[in-house]
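Below: run_6.cif (mmCIF, C-alpha atoms)
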```cif
data_run
#
loop_
_atom_site.group_PDB
_atom_site.id
_atom_site.type_symbol
_atom_site.label_atom_id
_atom_site.label_comp_id
_atom_site.auth_asym_id
_atom_site.auth_seq_id
_atom_site.Cartn_x
_atom_site.Cartn_y
_atom_site.Cartn_z
ATOM 1 C CA MET X 1 16.257 9.388 -8.370
ATOM 2 C CA ALA X 2 16.299 5.608 -7.955
ATOM 3 C CA PHE X 3 19.073 6.100 -5.368
ATOM 4 C CA PHE X 4 16.772 8.255 -3.193
ATOM 5 C CA LYS X 5 13.917 5.817 -3.645
ATOM 6 C CA ASN X 6 16.157 3.024 -2.325
ATOM 7 C CA ILE X 7 17.225 5.098 0.657
ATOM 8 C CA PHE X 8 13.906 6.647 1.626
ATOM 9 C CA GLY X 9 11.511 3.904 0.722
ATOM 10 C CA LYS X 10 10.693 1.486 -1.986
ATOM 11 C CA SER X 11 7.472 1.471 -3.919
ATOM 12 C CA SER X 12 4.966 -1.091 -2.794
ATOM 13 C CA THR X 13 4.742 -4.487 -4.424
ATOM 14 C CA ALA X 14 1.317 -3.525 -5.779
ATOM 15 C CA ASP X 15 2.793 -0.406 -7.443
ATOM 16 C CA THR X 16 5.569 -2.475 -9.002
ATOM 17 C CA GLU X 17 3.119 -5.100 -10.270
ATOM 18 C CA ARG X 18 0.846 -2.381 -11.684
ATOM 19 C CA GLN X 19 3.799 -0.808 -13.505
ATOM 20 C CA GLN X 20 4.815 -4.186 -14.926
ATOM 21 C CA THR X 21 1.228 -4.831 -16.069
ATOM 22 C CA ASP X 22 0.994 -1.408 -17.711
ATOM 23 C CA LYS X 23 4.353 -1.922 -19.441
ATOM 24 C CA PHE X 24 3.412 -5.432 -20.654
ATOM 25 C CA PHE X 25 0.086 -4.177 -22.037
ATOM 26 C CA ALA X 26 1.643 -1.120 -23.696
ATOM 27 C CA THR X 27 4.319 -3.295 -25.322
ATOM 28 C CA HIS X 28 1.825 -5.799 -26.769
ATOM 29 C CA ARG X 29 -1.256 -3.609 -27.308
ATOM 30 C CA SER X 30 -0.872 -3.477 -31.103
ATOM 31 C CA LYS X 31 -0.879 -7.300 -31.387
ATOM 32 C CA LEU X 32 -3.949 -7.904 -29.216
ATOM 33 C CA TYR X 33 -6.837 -9.697 -30.962
ATOM 34 C CA PRO X 34 -10.261 -11.092 -30.098
ATOM 35 C CA TRP X 35 -10.413 -14.892 -30.017
ATOM 36 C CA VAL X 36 -13.848 -16.505 -30.385
ATOM 37 C CA LYS X 37 -14.417 -19.686 -28.375
ATOM 38 C CA VAL X 38 -17.298 -21.841 -27.137
ATOM 39 C CA LEU X 39 -18.067 -21.765 -23.424
ATOM 40 C CA LEU X 40 -19.139 -25.190 -22.253
ATOM 41 C CA SER X 41 -22.001 -25.293 -19.767
ATOM 42 C CA ASP X 42 -21.518 -26.983 -16.407
ATOM 43 C CA ASN X 43 -23.552 -30.014 -17.511
ATOM 44 C CA ASP X 44 -21.830 -30.468 -20.879
ATOM 45 C CA PRO X 45 -20.839 -34.129 -21.388
ATOM 46 C CA GLN X 46 -17.454 -33.022 -22.746
ATOM 47 C CA LEU X 47 -16.481 -31.758 -19.296
ATOM 48 C CA THR X 48 -14.599 -34.089 -17.007
ATOM 49 C CA GLU X 49 -14.371 -34.190 -13.252
ATOM 50 C CA ASN X 50 -10.832 -32.843 -13.480
ATOM 51 C CA VAL X 51 -11.358 -29.128 -13.032
ATOM 52 C CA ILE X 52 -8.583 -26.613 -12.675
ATOM 53 C CA GLU X 53 -9.549 -23.700 -10.475
ATOM 54 C CA LEU X 54 -7.663 -20.488 -11.133
ATOM 55 C CA LYS X 55 -7.210 -17.446 -8.972
ATOM 56 C CA GLU X 56 -9.002 -14.451 -10.459
ATOM 57 C CA GLU X 57 -5.769 -12.792 -11.631
ATOM 58 C CA GLU X 58 -4.753 -16.037 -13.384
ATOM 59 C CA SER X 59 -8.068 -16.322 -15.252
ATOM 60 C CA PRO X 60 -8.406 -15.309 -18.901
ATOM 61 C CA VAL X 61 -10.085 -12.027 -19.729
ATOM 62 C CA PHE X 62 -13.267 -12.831 -21.641
ATOM 63 C CA SER X 63 -16.598 -11.349 -22.644
ATOM 64 C CA ASN X 64 -19.858 -13.139 -23.296
ATOM 65 C CA TRP X 65 -20.787 -12.745 -26.950
ATOM 66 C CA LEU X 66 -23.599 -14.642 -28.644
ATOM 67 C CA GLY X 67 -25.251 -17.689 -27.109
ATOM 68 C CA ASP X 68 -22.473 -19.945 -25.860
ATOM 69 C CA LEU X 69 -19.754 -18.037 -27.713
ATOM 70 C CA ILE X 70 -17.292 -15.990 -25.712
ATOM 71 C CA ILE X 71 -14.451 -13.752 -26.735
ATOM 72 C CA ASN X 72 -11.070 -14.276 -25.123
ATOM 73 C CA TYR X 73 -8.290 -11.877 -25.934
ATOM 74 C CA VAL X 74 -4.915 -13.043 -27.169
ATOM 75 C CA ILE X 75 -1.594 -11.448 -27.937
ATOM 76 C CA GLU X 76 0.323 -12.570 -30.989
ATOM 77 C CA MET X 77 3.821 -13.478 -29.818
ATOM 78 C CA GLY X 78 5.432 -14.235 -33.179
ATOM 79 C CA ASP X 79 4.673 -17.869 -33.927
ATOM 80 C CA SER X 80 2.203 -18.368 -31.065
ATOM 81 C CA PHE X 81 -0.583 -16.649 -29.162
ATOM 82 C CA GLN X 82 -0.709 -15.859 -25.462
ATOM 83 C CA VAL X 83 -4.088 -15.587 -23.748
ATOM 84 C CA LEU X 84 -4.530 -12.271 -21.947
ATOM 85 C CA LEU X 85 -5.027 -12.934 -18.248
ATOM 86 C CA GLN X 86 -6.705 -10.681 -15.709
ATOM 87 C CA ARG X 87 -3.287 -9.833 -14.262
ATOM 88 C CA ASP X 88 -2.173 -8.568 -17.706
ATOM 89 C CA LEU X 89 -5.016 -6.051 -18.011
ATOM 90 C CA PRO X 90 -4.269 -2.569 -16.659
ATOM 91 C CA ALA X 91 -6.846 -1.252 -14.201
ATOM 92 C CA ALA X 92 -7.416 1.785 -16.439
ATOM 93 C CA ILE X 93 -8.604 -0.388 -19.381
ATOM 94 C CA SER X 94 -12.224 -1.548 -19.288
ATOM 95 C CA THR X 95 -13.347 -4.685 -21.089
ATOM 96 C CA ASP X 96 -15.223 -2.479 -23.573
ATOM 97 C CA GLU X 97 -12.014 -0.558 -24.311
ATOM 98 C CA LEU X 98 -10.096 -3.829 -24.552
ATOM 99 C CA HIS X 99 -12.618 -5.166 -27.049
ATOM 100 C CA ALA X 100 -12.411 -1.975 -29.128
ATOM 101 C CA ILE X 101 -8.594 -2.181 -29.218
ATOM 102 C CA ALA X 102 -8.642 -5.861 -30.205
ATOM 103 C CA VAL X 103 -11.255 -5.365 -32.947
ATOM 104 C CA GLU X 104 -9.374 -2.352 -34.316
ATOM 105 C CA ASN X 105 -6.182 -4.446 -34.487
ATOM 106 C CA LEU X 106 -8.033 -7.312 -36.179
ATOM 107 C CA ASN X 107 -9.541 -4.953 -38.739
ATOM 108 C CA ARG X 108 -6.161 -3.298 -39.391
ATOM 109 C CA ASP X 109 -3.929 -6.387 -39.537
ATOM 110 C CA ILE X 110 -5.937 -9.318 -40.866
ATOM 111 C CA GLU X 111 -7.116 -9.623 -44.443
ATOM 112 C CA PHE X 112 -10.280 -11.672 -44.806
ATOM 113 C CA MET X 113 -10.975 -13.185 -48.201
ATOM 114 C CA LEU X 114 -14.249 -14.650 -49.427
ATOM 115 C CA ARG X 115 -13.794 -17.995 -51.172
ATOM 116 C CA ASP X 116 -16.196 -20.417 -52.841
ATOM 117 C CA THR X 117 -16.359 -23.896 -51.368
ATOM 118 C CA ASN X 118 -16.587 -27.099 -53.411
ATOM 119 C CA PHE X 119 -20.070 -27.793 -51.976
ATOM 120 C CA GLY X 120 -21.772 -24.624 -53.193
ATOM 121 C CA GLY X 121 -21.255 -22.361 -50.214
ATOM 122 C CA HIS X 122 -18.738 -19.717 -49.290
ATOM 123 C CA MET X 123 -16.084 -19.372 -46.629
ATOM 124 C CA LEU X 124 -13.848 -16.705 -45.196
ATOM 125 C CA THR X 125 -10.121 -17.248 -45.085
ATOM 126 C CA ALA X 126 -7.589 -15.278 -43.077
ATOM 127 C CA GLY X 127 -4.455 -17.371 -42.766
ATOM 128 C CA GLY X 128 -5.739 -20.030 -40.369
ATOM 129 C CA ASN X 129 -5.959 -18.254 -37.023
ATOM 130 C CA HIS X 130 -8.563 -15.525 -37.250
ATOM 131 C CA GLU X 131 -11.425 -16.762 -39.412
ATOM 132 C CA ALA X 132 -13.917 -17.238 -36.552
ATOM 133 C CA ASN X 133 -12.886 -13.880 -35.114
ATOM 134 C CA SER X 134 -14.369 -12.192 -38.164
ATOM 135 C CA ILE X 135 -17.752 -12.217 -36.409
ATOM 136 C CA CYS X 136 -16.373 -9.442 -34.180
ATOM 137 C CA LEU X 137 -16.040 -7.038 -37.101
ATOM 138 C CA PRO X 138 -19.232 -4.995 -37.507
ATOM 139 C CA GLY X 139 -18.440 -4.112 -41.141
ATOM 140 C CA VAL X 140 -17.911 -7.718 -42.218
ATOM 141 C CA TRP X 141 -21.645 -8.409 -42.398
ATOM 142 C CA GLN X 142 -22.328 -5.611 -44.865
ATOM 143 C CA TRP X 143 -19.313 -6.661 -46.905
ATOM 144 C CA LEU X 144 -20.577 -10.265 -47.009
ATOM 145 C CA THR X 145 -24.147 -9.349 -47.928
ATOM 146 C CA ASP X 146 -22.793 -7.181 -50.738
ATOM 147 C CA HIS X 147 -21.071 -10.302 -52.132
ATOM 148 C CA VAL X 148 -23.442 -13.188 -51.382
ATOM 149 C CA GLY X 149 -26.826 -11.569 -50.659
ATOM 150 C CA ASP X 150 -28.618 -10.783 -47.452
ATOM 151 C CA SER X 151 -29.807 -14.308 -46.578
ATOM 152 C CA LEU X 152 -26.788 -15.433 -44.595
ATOM 153 C CA VAL X 153 -26.496 -18.538 -42.508
ATOM 154 C CA VAL X 154 -23.169 -18.639 -40.705
ATOM 155 C CA ALA X 155 -21.422 -21.698 -39.265
ATOM 156 C CA ILE X 156 -18.254 -21.552 -37.198
ATOM 157 C CA PRO X 157 -17.111 -25.152 -36.784
ATOM 158 C CA ALA X 158 -13.544 -24.221 -35.756
ATOM 159 C CA LYS X 159 -11.311 -21.199 -35.131
ATOM 160 C CA ASP X 160 -9.950 -21.456 -38.652
ATOM 161 C CA LEU X 161 -13.237 -21.963 -40.462
ATOM 162 C CA ILE X 162 -16.320 -19.826 -41.046
ATOM 163 C CA LEU X 163 -18.836 -21.025 -43.594
ATOM 164 C CA LEU X 164 -21.621 -19.030 -45.237
#
```

Take the structure from the file and write it as structure tokens.
Amino acid sequence: MAFFKNIFGKSSTADTERQQTDKFFATHRSKLYPWVKVLLSDNDPQLTENVIELKEEESPVFSNWLGDLIINYVIEMGDSFQVLLQRDLPAAISTDELHAIAVENLNRDIEFMLRDTNFGGHMLTAGGNHEANSICLPGVWQWLTDHVGDSLVVAIPAKDLILL
């Protein structure tokens, strides 16, 4: 069949890119996770004048979450994580579907443990990469209130730390 395709016409570049995107996503779908980050405002003093402007397809896929928190999506690649870019997202997958897939993977793969801190509070642990992402799990709040009561104050000072 490929022989006839070469003789009578090749698929368009867009078709080839779409197929590669679909294949990449299908291959890595089960290791896709939400990644909670802070979105700096344009007038944040931490921003510098050195701004990198990306083409839309080179930009990370993200969703606004709560306040200045956003959710990026990452793929676990063994000992590192790769940010999911717009070009990596198949056209047939909406951001809502993407979020559902990532949260399902997080819930299935990552074990969150409640620990006491040495200053009288509690914290969630999950191996160092997914603690902050726990806020994406709807069931985590009921689980936490069952253990520490329903007066929760949550702090997320870093990706690997969530304090209660």

Quiz item: At what distance in Å, to one decimal, does CA of Phe62 in chain X lie from CA of Phe81 in chain X?
Solution: 15.2 Å

Quiz prompt | Reference answer for the PyMOL selection byres ((chain X and resi 86) around 10), as a VMD selection string | solution = chain X and resid 21 55 to 62 83 to 85 87 to 91

Quiz item: So which one's closest to Asp146 in chain X, X:Ala132, X:Leu114, X:Arg18, X:Asn64? Using only C-alpha atoms, please.
Solution: X:Leu114

Exercise. I need the residue set behind the PyMOL selection byres ((chain X and resi 36) around 8) for this file; please write it as a list in words.
Key: Pro34, Trp35, Lys37, Val38, Leu69, Ile70, Ile71, Asn72, Ala132, Asn133 and Lys159 of chain X

Do you know which residues the PyMOL selection byres ((chain X and resi 136) around 10) returns on this file, as a PDB file with C-alpha atoms, in the coordinates of the input?
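Below you can see selection_5.pdb, which holds the result:
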```
ATOM      1  CA  PRO X  34     -10.261 -11.092 -30.098  1.00  0.00           C
ATOM      2  CA  TRP X  35     -10.413 -14.892 -30.017  1.00  0.00           C
ATOM      3  CA  VAL X  36     -13.848 -16.505 -30.385  1.00  0.00           C
ATOM      4  CA  TRP X  65     -20.787 -12.745 -26.950  1.00  0.00           C
ATOM      5  CA  ILE X  71     -14.451 -13.752 -26.735  1.00  0.00           C
ATOM      6  CA  HIS X  99     -12.618  -5.166 -27.049  1.00  0.00           C
ATOM      7  CA  ALA X 100     -12.411  -1.975 -29.128  1.00  0.00           C
ATOM      8  CA  ALA X 102      -8.642  -5.861 -30.205  1.00  0.00           C
ATOM      9  CA  VAL X 103     -11.255  -5.365 -32.947  1.00  0.00           C
ATOM     10  CA  GLU X 104      -9.374  -2.352 -34.316  1.00  0.00           C
ATOM     11  CA  LEU X 106      -8.033  -7.312 -36.179  1.00  0.00           C
ATOM     12  CA  ASN X 107      -9.541  -4.953 -38.739  1.00  0.00           C
ATOM     13  CA  ALA X 132     -13.917 -17.238 -36.552  1.00  0.00           C
ATOM     14  CA  ASN X 133     -12.886 -13.880 -35.114  1.00  0.00           C
ATOM     15  CA  SER X 134     -14.369 -12.192 -38.164  1.00  0.00           C
ATOM     16  CA  ILE X 135     -17.752 -12.217 -36.409  1.00  0.00           C
ATOM     17  CA  LEU X 137     -16.040  -7.038 -37.101  1.00  0.00           C
ATOM     18  CA  PRO X 138     -19.232  -4.995 -37.507  1.00  0.00           C
ATOM     19  CA  GLY X 139     -18.440  -4.112 -41.141  1.00  0.00           C
ATOM     20  CA  VAL X 140     -17.911  -7.718 -42.218  1.00  0.00           C
ATOM     21  CA  TRP X 141     -21.645  -8.409 -42.398  1.00  0.00           C
TER      22      TRP X 141
END
```

Quiz item: Suppose you want the space between CA of Ala155 in chain X and CA of Met123 in chain X; what is it in Å?
Solution: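 Value for the CA of Ala155 in chain X-CA of Met123 in chain X distance: 9.4 Å.
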
Exercise. Point out the residue among X:Leu32, X:Ile156, X:Leu66, X:Leu163 with the least atom-to-atom distance to His122 in chain X, counting only C-alpha atoms.
Key: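 Checking each of X:Leu32, X:Ile156, X:Leu66, X:Leu163 against His122 in chain X, counting only C-alpha atoms, the winner is X:Leu163.
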
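The interatomic distance for the pair CA of Leu124 in chain X and CA of Gln142 in chain X works out to 14.0 Å.
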
Quiz item: So which residues fall inside 6 Å of (-11.3, -17.1, -42.6) if we count all atoms listed in the file? Mind giving them as a count of residues only?
Solution: 7

Quiz item: Of the candidates X:Glu76, X:Thr16, X:Ala158, X:Leu152, which one gets nearest to Asp109 in chain X if we count all atoms listed in the file?
Solution: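 Using all atoms listed in the file, the shortest distance to Asp109 in chain X belongs to X:Glu76.
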
Exercise. Measuring atom to atom with only C-alpha atoms, identify which of X:Phe25, X:Leu164, X:Leu144, X:Ile93 is nearest to Gly121 in chain X.
Key: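 Closest to Gly121 in chain X of all the choices is X:Leu164.
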
Size and centre in Å, one decimal, axis-aligned box, all listed range 99-104 of chain X atoms plus 3 Å per side, as AutoDock Vina command-line options:
```
--center_x -10.6 --center_y -3.9 --center_z -30.7 --size_x 10.0 --size_y 9.9 --size_z 13.3
```
